[in-house]
file input.cif (mmCIF, C-alpha atoms)
data_entry
loop_
_atom_site.label_atom_id
_atom_site.label_comp_id
_atom_site.auth_asym_id
_atom_site.auth_seq_id
_atom_site.Cartn_x
_atom_site.Cartn_y
_atom_site.Cartn_z
CA MET A 1 -11.37 24.80 -22.85
CA PHE A 2 -12.92 28.20 -23.47
CA SER A 3 -9.54 29.87 -23.90
CA TYR A 4 -8.33 28.47 -27.22
CA PRO A 5 -8.27 31.43 -29.64
CA ASP A 6 -8.44 29.27 -32.78
CA MET A 7 -10.87 26.59 -31.57
CA LYS A 8 -14.48 26.84 -30.48
CA LEU A 9 -16.45 24.31 -28.50
CA HIS A 10 -19.77 23.07 -29.80
CA ASP A 11 -22.48 25.47 -28.53
CA GLU A 12 -19.81 27.23 -26.47
CA GLU A 13 -21.84 30.15 -25.11
CA GLY A 14 -24.97 28.06 -24.56
CA VAL A 15 -23.05 25.43 -22.61
CA MET A 16 -21.35 28.07 -20.45
CA ASP A 17 -24.69 29.76 -19.75
CA ARG A 18 -26.23 26.44 -18.71
CA ILE A 19 -23.28 25.62 -16.44
CA ILE A 20 -23.66 29.04 -14.81
CA SER A 21 -27.38 28.32 -14.32
CA LEU A 22 -26.61 24.93 -12.74
CA LEU A 23 -24.10 26.54 -10.37
CA HIS A 24 -26.68 29.12 -9.32
CA LYS A 25 -29.32 26.44 -8.69
CA ALA A 26 -26.91 24.23 -6.73
CA ARG A 27 -25.65 27.09 -4.58
CA THR A 28 -29.17 28.37 -3.91
CA ALA A 29 -30.18 24.87 -2.79
CA GLY A 30 -27.10 24.53 -0.59
CA THR A 31 -25.79 21.63 -2.67
CA PRO A 32 -22.02 21.14 -2.52
CA VAL A 33 -20.19 22.14 -5.70
CA VAL A 34 -16.99 20.36 -6.69
CA TYR A 35 -14.69 21.65 -9.42
CA ILE A 36 -12.47 19.19 -11.24
CA GLN A 37 -9.41 20.87 -12.74
CA HIS A 38 -7.24 18.99 -15.20
CA THR A 39 -3.63 19.61 -14.18
CA GLU A 40 -0.65 18.17 -16.02
CA ASP A 41 2.66 19.32 -17.43
CA GLN A 42 1.57 19.31 -21.05
CA GLU A 43 -1.53 21.13 -22.20
CA TYR A 44 -2.91 22.02 -18.77
CA THR A 45 0.07 23.39 -16.88
CA LYS A 46 -0.69 25.42 -13.75
CA GLY A 47 -0.93 29.10 -14.49
CA THR A 48 -1.62 28.77 -18.23
CA PRO A 49 -4.90 29.95 -19.80
CA THR A 50 -5.94 26.36 -20.62
CA TRP A 51 -5.57 25.43 -16.93
CA GLU A 52 -7.38 28.40 -15.38
CA ILE A 53 -11.01 28.08 -14.29
CA SER A 54 -13.10 30.56 -16.26
CA SER A 55 -13.89 33.75 -14.38
CA ARG A 56 -17.53 33.18 -15.35
CA VAL A 57 -17.67 30.15 -13.03
CA THR A 58 -15.24 31.14 -10.28
CA PRO A 59 -15.38 28.82 -7.27
CA GLN A 60 -16.80 30.34 -4.13
CA GLU A 61 -15.20 30.02 -0.72
CA GLY A 62 -15.58 26.49 0.60
CA GLU A 63 -16.17 24.85 -2.77
CA LEU A 64 -13.78 22.00 -3.48
CA ILE A 65 -11.29 22.13 -6.31
CA ILE A 66 -9.88 18.71 -7.14
CA GLU A 67 -6.89 18.63 -9.47
CA LYS A 68 -6.67 15.56 -11.68
CA PRO A 69 -3.79 14.31 -13.83
CA THR A 70 -5.89 12.10 -16.14
CA TRP A 71 -9.28 12.08 -17.85
CA ASP A 72 -10.77 10.26 -14.87
CA ALA A 73 -11.68 12.61 -12.00
CA PHE A 74 -11.41 9.71 -9.54
CA HIS A 75 -8.05 8.27 -10.65
CA LEU A 76 -5.08 9.49 -8.58
CA THR A 77 -7.24 12.14 -6.87
CA ARG A 78 -8.93 12.64 -3.51
CA LEU A 79 -12.41 13.00 -5.11
CA HIS A 80 -13.89 9.74 -3.82
CA ASP A 81 -12.61 10.37 -0.28
CA GLU A 82 -14.00 13.92 -0.27
CA LEU A 83 -17.41 12.75 -1.52
CA GLN A 84 -17.50 9.97 1.06
CA LYS A 85 -16.58 12.37 3.90
CA ARG A 86 -19.54 14.53 2.91
CA GLY A 87 -21.95 11.61 2.44
CA ILE A 88 -22.45 12.47 -1.23
CA THR A 89 -23.83 9.60 -3.32
CA ASP A 90 -25.58 11.48 -6.14
CA LEU A 91 -23.67 13.47 -8.75
CA VAL A 92 -24.63 15.98 -11.42
CA ILE A 93 -21.97 15.96 -14.13
CA CYS A 94 -21.22 18.68 -16.66
CA GLY A 95 -18.09 20.14 -18.24
CA MET A 96 -15.48 19.44 -20.87
CA GLN A 97 -14.61 17.36 -22.98
CA SER A 98 -17.44 14.98 -23.78
CA GLU A 99 -15.38 12.14 -25.24
CA PHE A 100 -12.56 12.33 -22.70
CA CYS A 101 -13.11 13.63 -19.16
CA VAL A 102 -16.92 13.64 -19.15
CA ASP A 103 -17.18 10.12 -20.57
CA THR A 104 -14.44 8.61 -18.39
CA THR A 105 -15.60 10.24 -15.15
CA THR A 106 -19.26 9.37 -15.77
CA ARG A 107 -18.40 5.72 -16.36
CA ARG A 108 -16.11 5.60 -13.34
CA ALA A 109 -18.74 7.17 -11.10
CA PHE A 110 -21.17 4.43 -12.16
CA SER A 111 -18.57 1.72 -11.50
CA MET A 112 -17.98 3.13 -8.03
CA GLY A 113 -21.68 3.06 -7.15
CA TYR A 114 -22.60 6.72 -7.55
CA SER A 115 -25.97 7.69 -8.99
CA SER A 116 -25.30 10.31 -11.65
CA VAL A 117 -27.13 12.74 -13.84
CA LEU A 118 -25.27 13.73 -16.99
CA VAL A 119 -26.49 17.15 -18.01
CA GLU A 120 -26.95 16.50 -21.71
CA ASP A 121 -26.75 20.14 -22.78
CA ALA A 122 -24.00 21.22 -20.36
CA HIS A 123 -20.99 19.34 -21.72
CA SER A 124 -19.17 19.92 -24.94
CA THR A 125 -16.12 19.33 -27.08
CA PHE A 126 -14.37 20.39 -30.25
CA ASP A 127 -14.76 19.12 -33.80
CA ASN A 128 -12.14 16.39 -34.28
CA GLY A 129 -11.75 16.03 -38.05
CA SER A 130 -14.04 13.00 -38.22
CA LEU A 131 -17.04 14.23 -36.25
CA SER A 132 -18.38 17.61 -35.30
CA GLY A 133 -18.47 18.57 -31.63
CA GLY A 134 -22.26 18.35 -31.79
CA GLU A 135 -22.11 14.79 -33.13
CA ILE A 136 -19.67 13.80 -30.39
CA VAL A 137 -21.93 15.26 -27.68
CA LYS A 138 -24.97 13.51 -29.17
CA HIS A 139 -23.10 10.20 -29.36
CA HIS A 140 -21.94 10.35 -25.75
CA ASN A 141 -25.39 11.30 -24.53
CA SER A 142 -26.82 8.27 -26.33
CA VAL A 143 -24.10 5.91 -25.08
CA LEU A 144 -24.04 7.07 -21.45
CA GLY A 145 -27.67 8.08 -20.95
CA GLY A 146 -29.86 5.43 -19.38
CA ARG A 147 -26.92 3.07 -19.02
CA VAL A 148 -24.45 4.69 -16.63
CA ALA A 149 -26.22 7.98 -15.93
CA LYS A 150 -29.62 9.62 -16.19
CA LEU A 151 -29.78 12.29 -18.89
CA ARG A 152 -31.34 15.62 -18.02
CA LYS A 153 -31.35 19.01 -19.69
CA ALA A 154 -29.98 21.78 -17.47
CA GLN A 155 -33.42 23.35 -17.04
CA GLU A 156 -34.75 20.00 -15.72
CA VAL A 157 -32.04 19.53 -13.06
CA GLU A 158 -33.18 20.20 -9.51
CA PHE A 159 -30.96 20.13 -6.44
#
call {"tool": "encode", "arguments": {"input": "input.cif", "output": "structure tokens"}}
result
Amino acid sequence: MFSYPDMKLHDEEGVMDRIISLLHKARTAGTPVVYIQHTEDQEYTKGTPTWEISSRVTPQEGELIIEKPTWDAFHLTRLHDELQKRGITDLVICGMQSEFCVDTTTRRAFSMGYSSVLVEDAHSTFDNGSLSGGEIVKHHNSVLGGRVAKLRKAQEVEF
């Protein structure tokens, strides 16, 4: 999402900085980190810039990378099985895009019985012609927060 030359995410640098901070806190606490990588033959083809994980958040050895073919990180993936094997019941969710992958995965996690925190300032999206990226983020925070996930700012998240 950070590789489109002609499109910028809402609060792009701030969101990336907060994701980096969350990674540091999780790793320091020994909390497992799971990367979800959208992989499909259209916009997110393996080896293309839109598919690559940013070098600013490179996975460390032992961290899971789950490829997903849809907006839902659980659908047609091994995510649930991997979380169950590790006894993980609580999730901290951040990433891209608010109205697609973040929304769908957060709702699905709730439906599957996970307790989730949606990091309200660590997910983003693009303007869409009707709404700005900031409006979309705000809307999804208000719709998901308190209903299917707890909302927390990145600085408030503890592992």
call {"tool": "residues_around", "arguments": {"input": "input.cif", "residues": "Ile88 in chain A", "least_positions_apart": "3", "cutoff": "10 Å", "atoms": "only C-alpha atoms", "output": "PyMOL selection string"}}
result
chain A and resi 31-32+80+82-85+91+114-115
call {"tool": "axis_aligned_box", "arguments": {"input": "input.cif", "around": "range 128-147 of chain A", "padding_each_side": "6 Å", "output": "AutoDock Vina command-line options"}}
result
--center_x -20.8 --center_y 10.8 --center_z -28.6 --size_x 30.1 --size_y 27.5 --size_z 31.2
call {"tool": "closest_atom_pairs", "arguments": {"input": "input.cif", "of": "range 48-122 of chain A", "to": "range 139-158 of chain A", "cutoff": "6 Å", "atoms": "all atoms listed in the file", "output": "tab-separated table"}}
result
residue	atom	partner	partner_atom	distance
A:Phe110	CA	A:Val148	CA	5.6
A:Ser116	CA	A:Ala149	CA	5.0
A:Val117	CA	A:Lys150	CA	4.6
A:Leu118	CA	A:Leu151	CA	5.1
A:Val119	CA	A:Arg152	CA	5.1
A:Glu120	CA	A:Lys153	CA	5.5
A:Asp121	CA	A:Lys153	CA	5.7
call {"tool": "write_last_selection", "arguments": {"input": "input.cif", "atoms": "C-alpha atoms", "output": "compact mmCIF listing (two decimals), keeping the file's coordinate frame"}}
result
# COMPACT_ATOMS: atom_id res chain seq x y z
CA PHE A 110 -21.17 4.43 -12.16
CA SER A 116 -25.30 10.31 -11.65
CA VAL A 117 -27.13 12.74 -13.84
CA LEU A 118 -25.27 13.73 -16.99
CA VAL A 119 -26.49 17.15 -18.01
CA GLU A 120 -26.95 16.50 -21.71
CA ASP A 121 -26.75 20.14 -22.78
call {"tool": "closest_residue", "arguments": {"input": "input.cif", "among": "A:Arg107, A:His38, A:Arg27, A:His75", "to": "Gly62 in chain A", "atoms": "all atoms listed in the file"}}
result
A:Arg27
call {"tool": "atom_distance", "arguments": {"input": "input.cif", "atom1": "CA of Ser124 in chain A", "atom2": "CA of Cys94 in chain A"}}
result
8.6 Å
